[in-house]
Structure formats: C-alpha cells, structure tokens
$ cat data-v6.cif   # mmCIF, C-alpha atoms; chains and numbers go by the auth columns
data_run
#
loop_
_atom_site.group_PDB
_atom_site.id
_atom_site.type_symbol
_atom_site.label_atom_id
_atom_site.label_comp_id
_atom_site.label_asym_id
_atom_site.label_seq_id
_atom_site.Cartn_x
_atom_site.Cartn_y
_atom_site.Cartn_z
_atom_site.B_iso_or_equiv
_atom_site.auth_seq_id
_atom_site.auth_asym_id
ATOM 1 C CA MET A 1 0.000 0.000 0.000 0.00 1485 G
ATOM 2 C CA GLY A 2 2.977 2.273 0.462 0.00 1486 G
ATOM 3 C CA ARG A 3 3.555 2.453 -3.260 0.00 1487 G
ATOM 4 C CA GLN A 4 0.011 3.505 -4.010 0.00 1488 G
ATOM 5 C CA SER A 5 0.409 6.551 -1.841 0.00 1489 G
ATOM 6 C CA LEU A 6 3.182 7.926 -4.082 0.00 1490 G
ATOM 7 C CA LEU A 7 2.214 10.747 -6.378 0.00 1491 G
ATOM 8 C CA THR A 8 1.992 9.663 -9.978 0.00 1492 G
ATOM 9 C CA LYS A 9 2.218 11.826 -13.018 0.00 1493 G
ATOM 10 C CA SER A 10 1.002 10.876 -16.441 0.00 1494 G
ATOM 11 C CA PHE A 11 0.475 12.644 -19.711 0.00 1495 G
ATOM 12 C CA ASN A 12 -0.181 11.727 -23.299 0.00 1496 G
ATOM 13 C CA ILE A 13 2.504 12.195 -25.908 0.00 1497 G
ATOM 14 C CA SER A 14 1.757 12.175 -29.623 0.00 1498 G
ATOM 15 C CA ILE A 15 3.833 9.949 -31.894 0.00 1499 G
ATOM 16 C CA ASP A 16 5.915 12.806 -33.335 0.00 1500 G
ATOM 17 C CA GLU A 17 6.548 14.243 -29.865 0.00 1501 G
ATOM 18 C CA LEU A 18 7.549 10.794 -28.661 0.00 1502 G
ATOM 19 C CA GLU A 19 10.005 10.464 -31.562 0.00 1503 G
ATOM 20 C CA ARG A 20 11.522 13.839 -30.730 0.00 1504 G
ATOM 21 C CA ALA A 21 11.813 12.892 -27.061 0.00 1505 G
ATOM 22 C CA ARG A 22 13.416 9.594 -28.108 0.00 1506 G
ATOM 23 C CA TYR A 23 15.886 11.478 -30.311 0.00 1507 G
ATOM 24 C CA CYS A 24 16.690 13.917 -27.496 0.00 1508 G
ATOM 25 C CA ALA A 25 17.201 11.042 -25.044 0.00 1509 G
ATOM 26 C CA LYS A 26 19.533 9.361 -27.522 0.00 1510 G
ATOM 27 C CA GLU A 27 21.513 12.586 -27.921 0.00 1511 G
ATOM 28 C CA GLN A 28 21.937 12.723 -24.141 0.00 1512 G
ATOM 29 C CA GLY A 29 22.879 9.039 -24.021 0.00 1513 G
ATOM 30 C CA ILE A 30 20.013 7.939 -21.809 0.00 1514 G
ATOM 31 C CA SER A 31 16.903 5.838 -22.295 0.00 1515 G
ATOM 32 C CA LEU A 32 13.603 7.436 -23.285 0.00 1516 G
ATOM 33 C CA ASN A 33 12.040 6.304 -20.013 0.00 1517 G
ATOM 34 C CA LYS A 34 14.830 7.937 -18.014 0.00 1518 G
ATOM 35 C CA PHE A 35 14.570 11.116 -20.089 0.00 1519 G
ATOM 36 C CA LEU A 36 10.837 11.409 -19.448 0.00 1520 G
ATOM 37 C CA ARG A 37 11.311 10.610 -15.751 0.00 1521 G
ATOM 38 C CA PHE A 38 13.902 13.392 -15.512 0.00 1522 G
ATOM 39 C CA ALA A 39 11.424 15.789 -17.116 0.00 1523 G
ATOM 40 C CA VAL A 40 8.817 14.851 -14.522 0.00 1524 G
ATOM 41 C CA ILE A 41 11.358 15.072 -11.664 0.00 1525 G
ATOM 42 C CA GLU A 42 12.426 18.527 -12.822 0.00 1526 G
ATOM 43 C CA LYS A 43 8.819 19.584 -12.861 0.00 1527 G
ATOM 44 C CA THR A 44 8.156 18.301 -9.360 0.00 1528 G
ATOM 45 C CA ARG A 45 11.388 19.814 -7.977 0.00 1529 G
ATOM 46 C CA GLY A 46 10.301 23.213 -9.119 0.00 1530 G
ATOM 47 C CA ALA A 47 12.571 23.690 -12.115 0.00 1531 G
ATOM 48 C CA LEU A 48 9.461 23.685 -14.235 0.00 1532 G
ATOM 49 C CA GLN A 49 7.101 24.473 -11.368 0.00 1533 G
ATOM 50 C CA GLY A 50 3.827 26.032 -12.353 0.00 1534 G
ATOM 51 C CA LEU A 51 4.096 24.900 -15.936 0.00 1535 G
ATOM 52 C CA GLU A 52 1.616 22.542 -17.423 0.00 1536 G
ATOM 53 C CA VAL A 53 2.323 19.311 -19.238 0.00 1537 G
ATOM 54 C CA THR A 54 2.166 21.078 -22.590 0.00 1538 G
ATOM 55 C CA ASP A 55 4.930 23.395 -21.407 0.00 1539 G
ATOM 56 C CA THR A 56 7.035 20.364 -20.475 0.00 1540 G
ATOM 57 C CA LEU A 57 6.441 18.932 -23.921 0.00 1541 G
ATOM 58 C CA ASN A 58 7.332 22.292 -25.441 0.00 1542 G
ATOM 59 C CA GLU A 59 10.631 22.134 -23.545 0.00 1543 G
ATOM 60 C CA ILE A 60 11.213 18.647 -24.939 0.00 1544 G
ATOM 61 C CA ARG A 61 10.395 19.886 -28.437 0.00 1545 G
ATOM 62 C CA ALA A 62 12.725 22.877 -28.072 0.00 1546 G
ATOM 63 C CA THR A 63 15.550 20.692 -26.811 0.00 1547 G
ATOM 64 C CA ALA A 64 15.000 18.259 -29.675 0.00 1548 G
ATOM 65 C CA ARG A 65 14.959 21.116 -32.210 0.00 1549 G
ATOM 66 C CA GLU A 66 18.175 22.568 -30.785 0.00 1550 G
ATOM 67 C CA SER A 67 19.801 19.162 -30.956 0.00 1551 G
ATOM 68 C CA GLU A 68 18.612 18.685 -34.537 0.00 1552 G
ATOM 69 C CA ILE A 69 19.940 22.117 -35.481 0.00 1553 G
ATOM 70 C CA ARG A 70 23.338 21.372 -33.896 0.00 1554 G
ATOM 71 C CA SER A 71 23.472 18.059 -35.723 0.00 1555 G
ATOM 72 C CA ALA A 72 22.507 19.680 -39.021 0.00 1556 G
ATOM 73 C CA LEU A 73 25.142 22.398 -38.601 0.00 1557 G
ATOM 74 C CA ALA A 74 27.783 19.817 -37.729 0.00 1558 G
ATOM 75 C CA LEU A 75 26.784 17.769 -40.763 0.00 1559 G
ATOM 76 C CA GLU A 76 26.936 20.813 -43.040 0.00 1560 G
ATOM 77 C CA SER A 77 30.367 21.676 -41.675 0.00 1561 G
ATOM 78 C CA LEU A 78 31.606 18.135 -42.266 0.00 1562 G
ATOM 79 C CA MET A 79 30.182 18.148 -45.790 0.00 1563 G
ATOM 80 C CA ALA A 80 31.939 21.442 -46.538 0.00 1564 G
ATOM 81 C CA ASP A 81 35.212 19.993 -45.253 0.00 1565 G
ATOM 82 C CA LEU A 82 34.739 16.878 -47.392 0.00 1566 G
ATOM 83 C CA ARG A 83 33.982 18.978 -50.466 0.00 1567 G
ATOM 84 C CA ALA A 84 37.138 21.037 -49.895 0.00 1568 G
ATOM 85 C CA GLU A 85 39.244 17.895 -49.455 0.00 1569 G
ATOM 86 C CA GLN A 86 37.671 16.373 -52.552 0.00 1570 G
ATOM 87 C CA SER A 87 38.400 19.512 -54.565 0.00 1571 G
ATOM 88 C CA VAL A 88 42.053 19.465 -53.499 0.00 1572 G
ATOM 89 C CA ALA A 89 42.338 15.747 -54.321 0.00 1573 G
ATOM 90 C CA ILE A 90 40.768 16.252 -57.763 0.00 1574 G
ATOM 91 C CA HIS A 91 43.128 19.168 -58.477 0.00 1575 G
ATOM 92 C CA GLU A 92 46.162 17.119 -57.406 0.00 1576 G
ATOM 93 C CA ASN A 93 44.996 14.164 -59.516 0.00 1577 G
ATOM 94 C CA ARG A 94 44.596 16.423 -62.562 0.00 1578 G
ATOM 95 C CA GLU A 95 48.108 17.777 -62.083 0.00 1579 G
ATOM 96 C CA LEU A 96 49.474 14.253 -61.722 0.00 1580 G
ATOM 97 C CA VAL A 97 47.717 13.117 -64.901 0.00 1581 G
ATOM 98 C CA MET A 98 48.950 16.167 -66.815 0.00 1582 G
ATOM 99 C CA ASP A 99 52.539 15.670 -65.577 0.00 1583 G
ATOM 100 C CA THR A 100 52.374 12.000 -66.553 0.00 1584 G
ATOM 101 C CA LEU A 101 51.047 12.864 -70.028 0.00 1585 G
ATOM 102 C CA ARG A 102 53.792 15.481 -70.512 0.00 1586 G
ATOM 103 C CA ALA A 103 56.489 13.020 -69.460 0.00 1587 G
ATOM 104 C CA PHE A 104 55.068 10.320 -71.720 0.00 1588 G
ATOM 105 C CA SER A 105 54.856 12.793 -74.608 0.00 1589 G
ATOM 106 C CA GLN A 106 58.506 13.768 -74.084 0.00 1590 G
ATOM 107 C CA PHE A 107 59.482 10.120 -73.958 0.00 1591 G
ATOM 108 C CA LEU A 108 57.716 9.468 -77.262 0.00 1592 G
ATOM 109 C CA ALA A 109 59.308 12.563 -78.831 0.00 1593 G
ATOM 110 C CA GLN A 110 62.776 11.358 -77.849 0.00 1594 G
ATOM 111 C CA ALA A 111 62.157 7.826 -79.107 0.00 1595 G
ATOM 112 C CA GLU A 112 60.756 8.869 -82.503 0.00 1596 G
ATOM 113 C CA PRO A 113 63.993 10.047 -84.230 0.00 1597 G
ATOM 114 C CA GLU A 114 65.720 6.749 -83.532 0.00 1598 G
ATOM 115 C CA THR A 115 62.907 4.587 -84.834 0.00 1599 G
ATOM 116 C CA THR A 116 61.845 6.767 -87.750 0.00 1600 G
ATOM 117 C CA GLN A 117 65.224 6.753 -89.523 0.00 1601 G
ATOM 118 C CA PRO A 118 64.880 4.696 -92.673 0.00 1602 G
ATOM 119 C CA ALA A 119 66.806 1.465 -92.639 0.00 1603 G
ATOM 120 C CA PRO A 120 69.619 1.383 -95.208 0.00 1604 G
ATOM 121 C CA LYS A 121 68.582 -0.336 -98.427 0.00 1605 G
ATOM 122 C CA PRO A 122 70.764 -3.191 -99.391 0.00 1606 G
ATOM 123 C CA SER A 123 72.489 -2.310 -102.602 0.00 1607 G
ATOM 124 C CA SER A 124 73.068 -4.860 -105.309 0.00 1608 G
ATOM 125 C CA ARG A 125 76.800 -4.584 -104.740 0.00 1609 G
ATOM 126 C CA SER A 126 76.653 -5.385 -101.071 0.00 1610 G
ATOM 127 C CA ALA A 127 74.347 -8.302 -101.764 0.00 1611 G
ATOM 128 C CA ALA A 128 76.801 -9.603 -104.380 0.00 1612 G
ATOM 129 C CA ALA A 129 79.586 -9.545 -101.834 0.00 1613 G
ATOM 130 C CA PHE A 130 77.804 -12.198 -99.850 0.00 1614 G
ATOM 131 C CA LEU A 131 77.065 -14.479 -102.801 0.00 1615 G
ATOM 132 C CA PRO A 132 79.350 -17.419 -103.423 0.00 1616 G
ATOM 133 C CA PRO A 133 81.710 -17.102 -106.414 0.00 1617 G
ATOM 134 C CA LYS A 134 80.449 -18.348 -109.781 0.00 1618 G
ATOM 135 C CA PRO A 135 82.126 -21.459 -111.177 0.00 1619 G
#
$ encode --input "data-v6.cif" --output "structure tokens"
Amino acid sequence: MGRQSLLTKSFNISIDELERARYCAKEQGISLNKFLRFAVIEKTRGALQGLEVTDTLNEIRATARESEIRSALALESLMADLRAEQSVAIHENRELVMDTLRAFSQFLAQAEPETTQPAPKPSSRSAAAFLPPKP
C-alpha cells in the first residue's frame, strides 16, 4: 500500500513528440524512459514548477529542435570539409595526370627520331659480296 500513496504523473505524448523525445534522449545518451522521468522530476522539484504538461512537452520539443539544429550544422560543416578535401584531391589528380602525359609525350618525342630513320637499303653490290663465287 505504500507504493500507491506515491504521487503519480502521467500525460499523453503524440507519436511525433515521442520520436523527438526519443531522439533527445539518444543525444543525451540515456533511455527514453529515463529522459521522461527526468522531465517529470524537474517539474516536481520546481525547475518547471507552475508549468503545465504542454509546457514540459514544449521544452522537450525545443531541446529536440536545438539538438537537430546542432546536428545539421555539424553535418553541413563536415560536408563542406569533405567537399574542400575532394576539390584538393581532384586538383592534385589532374596535375598528376597532366605531368604523366607530358612526361610520356617527351618520352615518345625522344624515341621517334631513332625509330623513324629509314633502314639502309641493301644495294646490289653489297648483296653480291655475300654471294658465293660463280664457277
């Protein structure tokens, strides 16, 4: 009977409010049940004294929105950093490809004079020098 004498608090939470409270609890690293219990404890201690349940839910919503905004800003910052790193990597890759093409082009230019020289034509005299003598 001792437990029945304790004050109990209850309120209804819509599905979207529950999801936001769940998200906020996850951000704080605690369970949803613990998060909601803390909200009720704060209310009974006087931190939220005089406010109604809707005000408590508004606090939960505001906290969830702030957390979402911080997460979005952090994500945008990370994406900007990734884009900058990607841009630098692409630029360096282009330079590497262009340097490689220039070096290969120079290599081909140096090799061409040696291979493009016409081979000496065998003259009839030089061919006759290798023929056996006529009997």
$ residues_around --input "data-v6.cif" --residues "Leu1502 in chain G" --least-positions-apart "2" --cutoff "10 Å" --atoms "only C-alpha atoms" --output "PyMOL selection string"
chain G and resi 1496-1500+1504-1508+1516+1520+1541+1544-1545
$ atom_distance --input "data-v6.cif" --atom1 "CA of Thr1540 in chain G" --atom2 "CA of Ala1523 in chain G"
7.2 Å
$ closest_residue --input "data-v6.cif" --among "G:Ile1514, G:Glu1501, G:Glu1560, G:Glu1579" --to "Ala1548 in chain G" --atoms "all atoms listed in the file"
G:Glu1501
$ axis_aligned_box --input "data-v6.cif" --around "range 1583-1586 of chain G" --padding-each-side "8 Å" --output "JSON"
{"center_x": 52.4, "center_y": 13.8, "center_z": -68.0, "size_x": 18.7, "size_y": 19.7, "size_z": 20.9}
$ atom_distance --input "data-v6.cif" --atom1 "CA of Phe1519 in chain G" --atom2 "CA of Ala1546 in chain G"
14.3 Å
$ atom_distance --input "data-v6.cif" --atom1 "CA of Lys1518 in chain G" --atom2 "CA of Thr1547 in chain G"
15.5 Å
